[in-house]
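First comes the structure, then the notes that go with it.
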Amino acid sequence: MKPPPFDYVAPTDLDEALAALADAGEDARVLAGGQSLIPMLNFRLAAPVKLIDLNRVSELSGIERRPDGGLVLGAMTRHRQLERDATIAEYAPLLAEAAPWIAHAPIRTRGTIGGSIAHADPAAELPALLLLLGASVRVARAARDGEAPGRVERTLPLDDFCFGPFFTALEADEVITRIDIPPCGPLEGTAFEEFARRRGDYAIAGAASRMILDEDGTCLHAAVSLINAGPAPALVAGVEEPLVGRPPTEDRLAEAADVASAGCDPAPDMHGSEAYRRHLVRVLVLRTLARAARRAAAGRTPGIETEDG
Amino acid sequence: MLRVEDARLLTGRAPFIDDIEPAGTLHVAFVRSDMPHAKIRSLDISRAADHAGVSAVVTAEDLGDLCRPGPVLVPPPPIDGAIFNARTALPLAREVVRHQGEAVVAIVAESRYVAEDAAALVDLDLEPLDAVADLDRALDADAPLVHEDLGSNLAAHVRQTKGDYAAARAHADVVIGRTFRYDRGVSAAIENRGVIADWDGRDGRLTVWDTTQAPIPVRNALAALLGLPESCVRVVAPFIGGGFGPKIMFYAEELIIPWLSMRLGRPVKWIEDRYENFFATTQERGQTHESELALDAEGRILGVRDVFLHDTGAYDPYGLTVPINSQCTLLGPYRVPAYESEFRVAFTNKPVVTPVRGAGRQHGVFVMERLLDFGARELGLDPVEIRARNLLGPDEFPHDHEILYQDSAPLTYDSGNYRPSLEEAARRIGFAGFDGERAAAAAEGRCIGLGIVNYVEGTGIGPYEGARVTVEPGGTVSVVTGVGTQGQGHFTTFAQVVGAQIGVDPGKIRVVTGDTSEFHWGTGTFASRGAVVAGSALHAAALSVREKILQHASRALEVDPEDLVLEDGEARVRGAPDVRIGLGELASRANPLRGAVQPGTEPGLEAAAYFGPARGTTANGVHALVVEVDDETSDVTILRYVVVHDCGTVINPMIVEGQIHGGVALGIGNAFYEELLFDEFAGAGNASFMDYLLPTATDVPAIETAHLETPSPLNPLGTKGVGEAGAIPVAAAFAQAVEDALRENAPGLEIVDIPLSPGKLFALRNPADGGEDS
Ligand SMILES: Cc1cc2nc3c(=O)[nH]c(=O)nc-3n(C[C@H](O)[C@H](O)[C@H](O)COP(=O)(O)OP(=O)(O)OC[C@H]3O[C@@H](n4cnc5c(N)ncnc54)[C@H](O)[C@@H]3O)c2cc1C
């Protein structure tokens, strides 16, 4: 369980990092929190010739609120910051609610939002949550041969970013620089819940739900994103059918949960059969939809309540 | 009293194996089979040997004469008609590998990093062979063979009986028959194994640091195999981060590392990593029981019949200890007039099975306690009542079960008083009012249930241990014994036993364990025997030293020995405490530089003594718990946990509680979290702590313990062992509690397979769509 030999650089400047990555070619990797990459090296599942450490690149950190109310999260934002930051708690409460369920505290102090998305584990919370929030991913690379010198950037909606297990739209010379989250409105509620064998484990199944109500309590928008219930994060098709345009009654929430349970794509594994996982999805979707609806009705989007409300 | 070793342990000042690194040390990595069963088609080490920084690459061929099957460490008991086919591993595999993780090549290099780089350059071409993965089919006529020469996979066949079961069954009012499967996993000690060897060619001495529970047998084996006098081999077991059984073995690495040091003339070090530990360290595996319990109409046991299969993995170096423990412990604290028990041991292509804390006892307890639960249901008795009706009474000891135990002695319980344990546990868990509590919870939509079970633990077996107690001239008392220590609190318990006899504060007594240069008689730490056997030897040695102290002090203070008291490290005259002399001063006087010494005396205040019990002593106890089952997710949370146990005289209550807490944590892991999962080819898929689920602090509840003390007549201290008590009955209690919690929502649910998990509980409740677990 010792990594194979590799070169290591720790630039402080993003362009330097991008240049180093471009120079090293296919066999280089950037190192963020190292909580997924270092285990892979130790198991010799990955053998990059060079590691480019992003931890000193200040441009990649920081949590900011945009004038329109949306949020900009640097790629090196640690899970622990999502858990504790006041801005996140107020304007992206879903992330604050879920962050304590990502791994264990020491891992959260290292692991990053950029690393989580780039790693694209189907059991990871953040890609699924960011998808539900309509986030987009900003990536950058150094100009390639034949391009004008400088930095080349593009923005992808999360939808177009995570394709499959450990498989993303990221090219070998690209680095995630930040995540943009659009503003959320009043009368919007979100909720998260997962089921894992032990606190800190990757979830056997998880669900995040979002609901927007109008003043009369009619559902304007309902969406569900699942964790570890398919090869890549995706919004569940059809959950809005029984809900939108009507008040979210218990029966309709249950119907939506049935839709999610039938429509997901969980693989059996050591923790349980496909049937068990579908069953868990149903339980978790029902619980989170109900909670999101209550929160939306209470108009308490910003700030998560300490008790289930 | 607090543990005297904790200050060192908690502040990181206790030396563990990886802290030891003599100058110039070389490091070893092994190339191991990644297949459960394969033929070695070819092996080319040339690229690895040429790699920069590599000192040696060693295969089976290079070992020459040493490449012989390892020893059978525990001979099977002499049971009439028993079959035992010994098959043990070569230090490095030749021609065939029989389980994942079997070592094939050893690489010695400047660092572990370089050694692993070179390991990746070994061309090992394995041709997969059909593997024996399924225990239930291992003995089928068409099963692939783990050991070709044996002609079948039968490692052992043993039958022991008492009374006439057929007759008992014929008279029974109720016969309960079930099939049980009980699997368990790795010991998962926090510290993996490690060996460091330093050969000093100038004076022909070999020093080996080894994470072993049994340093003296390792020394003796090494001396024999390497052709060295035993006195020239020193084996030191430093502080060890958990033993739990697998560190009793004599492993290939324990031979290869010293041999490499002798060959290369350099210190050589190997530290097992966690991935290796999942395959290269022994573990426990499954048993399948076909069992029957014959009861009369009042729920009294008339007889038990149990036929089981035991998985020993690819080899059987530890004889029959585990299945015999299952066979014997099944009888529990009960009066069982007729017992018919038969087991077969099968070789499979899985890692080697040897005792892990509990060592098969939990399998037997599970079977018996579950049968009683199903019997109680059938007869409409509650779980406490059916147990109470069958307990041996206090006047029935010693109780001979008429079969042989793992130590080859008859299974005879020395002493016990079982009913108070059961009543105390029932009281503490709130058994009497639980129907109301369950109903109140149900009214809130919660499912809670109670489980309560008995167990016995055979402990403190022979052959013997020894110890030496010395009062040094400076006043230090040093205590030496041969057993290794892995966190049990020996430094405290042993010091207490000695301190009590010679009037010295245990905190001031220096205890040395597990260094063969300090003491070289004894066997090791296993079967909950440290306090019983080594403790009794220490007690005897301390008594001899006490005699010497009293004689010398009587002379020095000119009083009768009867008028002396020993306290605070001094001999004092009773009633005149100012007339006194320190033990150090007495030790100096007992070792004069000039003048005449009386004939027939020995110098110094020192004595060695030995203790060998005729047979083991039997401890007992009761576990009771309350669980809550989440009806939606099938998750289970333990709300309360009570252990009432009786391990005879308690030397140190805190240490006893610590043993029980750790054991219960292990038992919870076994019941609900841990399972090493093998596919149909015997390959394990979850060999990391991400996927092999150890219970964590949040999964283990606070545990309430109560001690009852029924002294053992078999040793002067009256103690019984307690090392495995916590682990043994957890699964049985857990299963009963889960069924109780779901009595409304899943009536008739029967848990007969362990480990359980939420996924498996769901499958049990939804047989139509949950069965396809992979
Ligand atoms: C015991 C344990 C439990 C865990 N449990 C969970 C859990 O429950 N849920 C969960 O979501 N995660 C869990 N994790 C994973 C953890 O959250 C990781 O931190 C995360 O997946 C990766 O983030 P990182 O910053 O550590 O990335 P690293 O390990 O540094 O990198 C991971 C990959 O992403 C690439 N990468 C990193 N940053 C960037 C970037 N800015 N641009 C481009 N590529 C990048 C790296 O090159 C590498 O390929 C667990 C980890 C451990 C060790």
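Chain labels run A, B, ... following the order of the structure tokens; each chain numbers its residues from 1, and ligands are numbered from 1 in the order shown.
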At a cut-off of 9 Å, list the chain A residues touching chain B, using only C-alpha atoms, as an mmCIF file with N, CA and C atoms, in the first residue's frame.
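As a result, iface21.cif now contains:
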```cif
data_model
loop_
_atom_site.group_PDB
_atom_site.id
_atom_site.type_symbol
_atom_site.label_atom_id
_atom_site.label_comp_id
_atom_site.auth_asym_id
_atom_site.auth_seq_id
_atom_site.Cartn_x
_atom_site.Cartn_y
_atom_site.Cartn_z
ATOM 1 N N MET A 1 0.835 -1.192 0.000
ATOM 2 C CA MET A 1 0.000 0.000 0.000
ATOM 3 C C MET A 1 0.877 1.251 0.000
ATOM 4 N N LYS A 2 1.915 1.234 -0.823
ATOM 5 C CA LYS A 2 2.749 2.428 -0.996
ATOM 6 C C LYS A 2 2.584 2.867 -2.446
ATOM 7 N N PRO A 3 2.499 4.179 -2.675
ATOM 8 C CA PRO A 3 2.309 4.639 -4.050
ATOM 9 C C PRO A 3 3.567 4.400 -4.905
ATOM 10 N N PRO A 4 3.379 4.240 -6.197
ATOM 11 C CA PRO A 4 4.544 4.189 -7.091
ATOM 12 C C PRO A 4 5.192 5.571 -7.140
ATOM 13 N N PRO A 5 6.403 5.668 -7.648
ATOM 14 C CA PRO A 5 7.081 6.973 -7.666
ATOM 15 C C PRO A 5 6.337 7.984 -8.547
ATOM 16 N N PHE A 43 -3.224 2.031 -3.410
ATOM 17 C CA PHE A 43 -3.658 0.731 -3.926
ATOM 18 C C PHE A 43 -3.074 0.473 -5.322
ATOM 19 N N PHE A 195 -29.064 6.996 3.461
ATOM 20 C CA PHE A 195 -28.975 5.822 4.329
ATOM 21 C C PHE A 195 -27.628 5.155 4.112
ATOM 22 N N ARG A 197 -24.612 2.455 6.176
ATOM 23 C CA ARG A 197 -24.484 1.511 7.272
ATOM 24 C C ARG A 197 -23.935 2.185 8.527
ATOM 25 N N ARG A 198 -22.900 3.009 8.330
ATOM 26 C CA ARG A 198 -22.311 3.675 9.493
ATOM 27 C C ARG A 198 -22.195 5.155 9.151
ATOM 28 N N ARG A 199 -22.254 5.995 10.154
ATOM 29 C CA ARG A 199 -22.045 7.414 9.937
ATOM 30 C C ARG A 199 -20.711 7.606 9.229
ATOM 31 N N ASP A 201 -19.968 6.636 6.107
ATOM 32 C CA ASP A 201 -19.820 5.784 4.922
ATOM 33 C C ASP A 201 -20.475 6.432 3.709
ATOM 34 N N TYR A 202 -20.000 6.057 2.545
ATOM 35 C CA TYR A 202 -20.753 6.375 1.331
ATOM 36 C C TYR A 202 -22.156 5.806 1.480
ATOM 37 N N PRO A 268 -27.340 -4.030 -7.634
ATOM 38 C CA PRO A 268 -27.199 -4.786 -6.390
ATOM 39 C C PRO A 268 -25.735 -4.823 -5.978
ATOM 40 N N ASP A 269 -25.464 -4.801 -4.715
ATOM 41 C CA ASP A 269 -24.083 -4.966 -4.256
ATOM 42 C C ASP A 269 -24.118 -5.621 -2.886
ATOM 43 N N MET A 270 -22.991 -5.574 -2.199
ATOM 44 C CA MET A 270 -22.909 -6.299 -0.934
ATOM 45 C C MET A 270 -23.875 -5.766 0.112
ATOM 46 N N HIS A 271 -24.370 -4.560 -0.059
ATOM 47 C CA HIS A 271 -25.266 -4.015 0.953
ATOM 48 C C HIS A 271 -26.722 -4.397 0.722
ATOM 49 N N GLY A 272 -27.016 -4.894 -0.463
ATOM 50 C CA GLY A 272 -28.404 -5.278 -0.652
ATOM 51 C C GLY A 272 -28.762 -5.473 -2.106
ATOM 52 N N SER A 273 -29.932 -6.052 -2.281
ATOM 53 C CA SER A 273 -30.417 -6.358 -3.624
ATOM 54 C C SER A 273 -30.901 -5.081 -4.300
ATOM 55 N N GLU A 274 -31.182 -5.205 -5.583
ATOM 56 C CA GLU A 274 -31.769 -4.086 -6.307
ATOM 57 C C GLU A 274 -33.108 -3.713 -5.664
ATOM 58 N N ALA A 275 -33.869 -4.713 -5.272
ATOM 59 C CA ALA A 275 -35.190 -4.438 -4.675
ATOM 60 C C ALA A 275 -35.050 -3.621 -3.390
ATOM 61 N N TYR A 276 -34.046 -3.978 -2.585
ATOM 62 C CA TYR A 276 -33.842 -3.239 -1.335
ATOM 63 C C TYR A 276 -33.484 -1.789 -1.639
ATOM 64 N N ARG A 277 -32.636 -1.608 -2.633
ATOM 65 C CA ARG A 277 -32.220 -0.248 -2.956
ATOM 66 C C ARG A 277 -33.378 0.579 -3.513
ATOM 67 N N HIS A 279 -36.406 0.109 -2.739
ATOM 68 C CA HIS A 279 -37.233 0.355 -1.564
ATOM 69 C C HIS A 279 -36.676 1.547 -0.773
ATOM 70 N N LEU A 280 -35.354 1.570 -0.584
ATOM 71 C CA LEU A 280 -34.751 2.690 0.153
ATOM 72 C C LEU A 280 -34.978 4.001 -0.577
ATOM 73 N N VAL A 283 -38.358 5.234 0.198
ATOM 74 C CA VAL A 283 -38.438 5.763 1.570
ATOM 75 C C VAL A 283 -37.790 7.149 1.643
#
```
Ligand 1: which residues are within 7 Å, counting only C-alpha atoms and all ligand atoms, as an NGL selection string?
-> (:A and (29-38 or 75-76 or 101-104 or 107-108 or 110-116 or 118-119 or 121 or 123-126 or 174-177 or 200-203)) or (:B and (690))
Keeping C-alpha atoms, export the residues of the selection given above as a compact mmCIF listing (two decimals), in the first residue's frame.
```txt
# COMPACT_ATOMS: atom_id res chain seq x y z
CA ARG A 29 -3.08 14.51 -12.16
CA VAL A 30 -3.99 17.48 -10.06
CA LEU A 31 -4.10 16.87 -6.34
CA ALA A 32 -6.85 18.55 -4.32
CA GLY A 33 -7.83 17.12 -0.91
CA GLY A 34 -6.21 13.82 -1.81
CA GLN A 35 -8.95 11.85 -0.08
CA SER A 36 -9.74 9.83 -3.19
CA LEU A 37 -6.55 10.19 -5.18
CA ILE A 38 -4.07 9.18 -2.46
CA ALA A 75 -13.03 24.44 -6.53
CA MET A 76 -10.88 24.02 -3.42
CA TRP A 101 -22.96 13.21 5.94
CA ILE A 102 -19.95 13.29 3.63
CA ALA A 103 -17.28 11.01 5.05
CA HIS A 104 -15.78 11.80 8.47
CA ILE A 107 -11.72 13.78 5.60
CA ARG A 108 -14.08 16.72 5.24
CA ARG A 110 -9.33 17.96 3.29
CA GLY A 111 -11.81 16.85 0.62
CA THR A 112 -12.92 19.49 -1.87
CA ILE A 113 -15.97 20.23 -3.93
CA GLY A 114 -13.87 20.27 -7.12
CA GLY A 115 -12.34 16.92 -6.25
CA SER A 116 -15.72 15.39 -5.56
CA ALA A 118 -13.98 15.51 -10.84
CA HIS A 119 -13.86 12.11 -9.16
CA ASP A 121 -18.26 8.67 -7.68
CA ALA A 123 -22.21 7.52 -4.39
CA ALA A 124 -20.87 11.03 -3.79
CA GLU A 125 -23.33 13.55 -2.42
CA LEU A 126 -22.09 16.78 -3.97
CA GLU A 174 -8.44 20.92 -17.68
CA VAL A 175 -8.93 21.97 -14.09
CA ILE A 176 -12.20 22.79 -12.36
CA THR A 177 -11.88 26.33 -11.04
CA GLY A 200 -19.46 8.61 7.42
CA ASP A 201 -19.82 5.78 4.92
CA TYR A 202 -20.75 6.38 1.33
CA ALA A 203 -24.52 6.12 1.16
CA MET B 690 -14.21 1.24 3.33
```
Could you give me, as a PyMOL selection string, each residue of stretch 124-293 of chain A that DSSP assigns to strand (DSSP E) when run on this structure's backbone?
-> chain A and resi 136-142+151-157+162-164+167-168+175-181+188-195+205-213+219-227
Could you name the residues that touch B:Glu680 at 7 Å or less, counting only C-alpha atoms, but leaving out those on the same chain fewer than 2 positions away, as a list in words?
-> Ala133, Phe678 and Ala682 of chain B
Non-local contacts of A:Leu284 (7 Å; only C-alpha atoms; under 6 positions in same chain excluded) as a CSV table (one decimal) with all heavy atoms, in the first residue's frame:
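Once everything was written out, this is around26.csv:
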```csv
chain,number,residue,atom,x,y,z
A,193,GLU,N,-31.5,13.5,2.6
A,193,GLU,CA,-31.4,12.4,3.5
A,193,GLU,C,-30.7,11.2,2.8
A,193,GLU,O,-30.9,10.9,1.6
A,193,GLU,CB,-32.8,11.9,4.0
A,193,GLU,CG,-32.6,10.9,5.1
A,193,GLU,CD,-33.9,10.7,6.0
A,193,GLU,OE1,-34.7,11.7,6.1
A,193,GLU,OE2,-34.1,9.6,6.5
A,194,GLU,N,-29.9,10.5,3.6
A,194,GLU,CA,-29.3,9.3,3.0
A,194,GLU,C,-29.3,8.2,4.0
A,194,GLU,O,-29.5,8.4,5.2
A,194,GLU,CB,-27.8,9.6,2.5
A,194,GLU,CG,-26.8,9.8,3.7
A,194,GLU,CD,-25.4,10.0,3.2
A,194,GLU,OE1,-25.2,10.7,2.1
A,194,GLU,OE2,-24.5,9.6,3.9
A,206,GLY,N,-29.3,7.7,-1.4
A,206,GLY,CA,-29.6,9.0,-0.8
A,206,GLY,C,-30.5,9.7,-1.7
A,206,GLY,O,-30.6,9.4,-2.9
A,207,ALA,N,-31.2,10.7,-1.2
A,207,ALA,CA,-32.1,11.5,-2.0
A,207,ALA,C,-32.0,13.0,-1.6
A,207,ALA,O,-31.9,13.3,-0.4
A,207,ALA,CB,-33.5,11.0,-1.9
```
Please provide as a count of residues only all residues within 12 Å of A:Ile212, with the sequence filter that same-chain residues fewer than 5 positions apart are discarded (counting only C-alpha atoms).
-> 32
The residue from A:Cys162, A:Ile204, A:Leu156, A:Ala24 with the smallest atom-to-atom distance to A:Pro233, counting only C-alpha atoms, is A:Cys162
Pairwise distance, atom CA of B:Ala425 with atom CA of B:Leu450, equals 11.8 Å
With a distance cut-off of 7 Å and only C-alpha atoms, select the neighbouring residues of stretch 159-164 of chain B, excluding the residue or stretch itself and same-chain residues fewer than 5 positions from it, and output the selection as an NGL selection string.
-> :B and (82 or 337-343 or 402-403)
Export of prior selection with N, CA and C atoms as a compact mmCIF listing (two decimals), in the first residue's frame:
```txt
# COMPACT_ATOMS: atom_id res chain seq x y z
N ALA B 82 -11.82 -40.13 15.67
CA ALA B 82 -11.68 -38.84 15.00
C ALA B 82 -10.70 -38.95 13.83
N PRO B 337 -29.17 -33.79 29.03
CA PRO B 337 -28.93 -35.21 29.31
C PRO B 337 -28.40 -35.99 28.12
N ALA B 338 -28.80 -35.62 26.93
CA ALA B 338 -28.34 -36.38 25.76
C ALA B 338 -27.83 -35.41 24.71
N TYR B 339 -26.66 -35.70 24.17
CA TYR B 339 -26.06 -34.80 23.19
C TYR B 339 -25.39 -35.65 22.12
N GLU B 340 -25.75 -35.37 20.92
CA GLU B 340 -25.12 -36.07 19.81
C GLU B 340 -24.57 -34.99 18.90
N SER B 341 -23.27 -34.93 18.81
CA SER B 341 -22.66 -33.84 18.04
C SER B 341 -21.62 -34.40 17.10
N GLU B 342 -21.72 -33.98 15.87
CA GLU B 342 -20.81 -34.51 14.85
C GLU B 342 -20.43 -33.36 13.93
N PHE B 343 -19.14 -33.23 13.68
CA PHE B 343 -18.77 -32.20 12.70
C PHE B 343 -17.76 -32.70 11.69
N GLU B 402 -19.15 -35.15 29.84
CA GLU B 402 -18.84 -36.44 29.22
C GLU B 402 -18.30 -36.36 27.80
N ILE B 403 -17.76 -35.20 27.43
CA ILE B 403 -17.06 -35.12 26.14
C ILE B 403 -15.73 -34.42 26.37
```
Considering only C-alpha atoms, return as a PyMOL selection string whatever protein or nucleic-acid residues lie within 10 Å of A:Cys264, sequence-local ones (same chain, fewer than 6 positions apart) excluded.
-> chain A and resi 226+228-231+234-237+277-278+281-282
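Here the DSSP assignment of alpha helix (DSSP H), based on backbone atoms, applies within stretch 225-314 of chain B to B:Leu225, B:Leu226, B:Ala252, B:Glu253, B:Glu254, B:Leu255, B:Ile256, B:Ile257, B:Pro258, B:Trp259, B:Leu260, B:Ser261, B:Met262, B:Arg263, B:Leu264, B:Arg274, B:Tyr275, B:Glu276, B:Asn277, B:Phe278, B:Phe279, B:Ala280.
Here atom CA of B:Phe611 and atom CA of B:Ala467 stand 8.9 Å from one another.
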Atomic separation - atom CA of B:Leu255 relative to atom CA of B:Gly204, Å = 16.9 Å
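Nearest residue to A:Tyr91, choosing from A:Glu16, A:Leu253, A:Gly74, A:Gly69 and counting only C-alpha atoms: A:Gly69.
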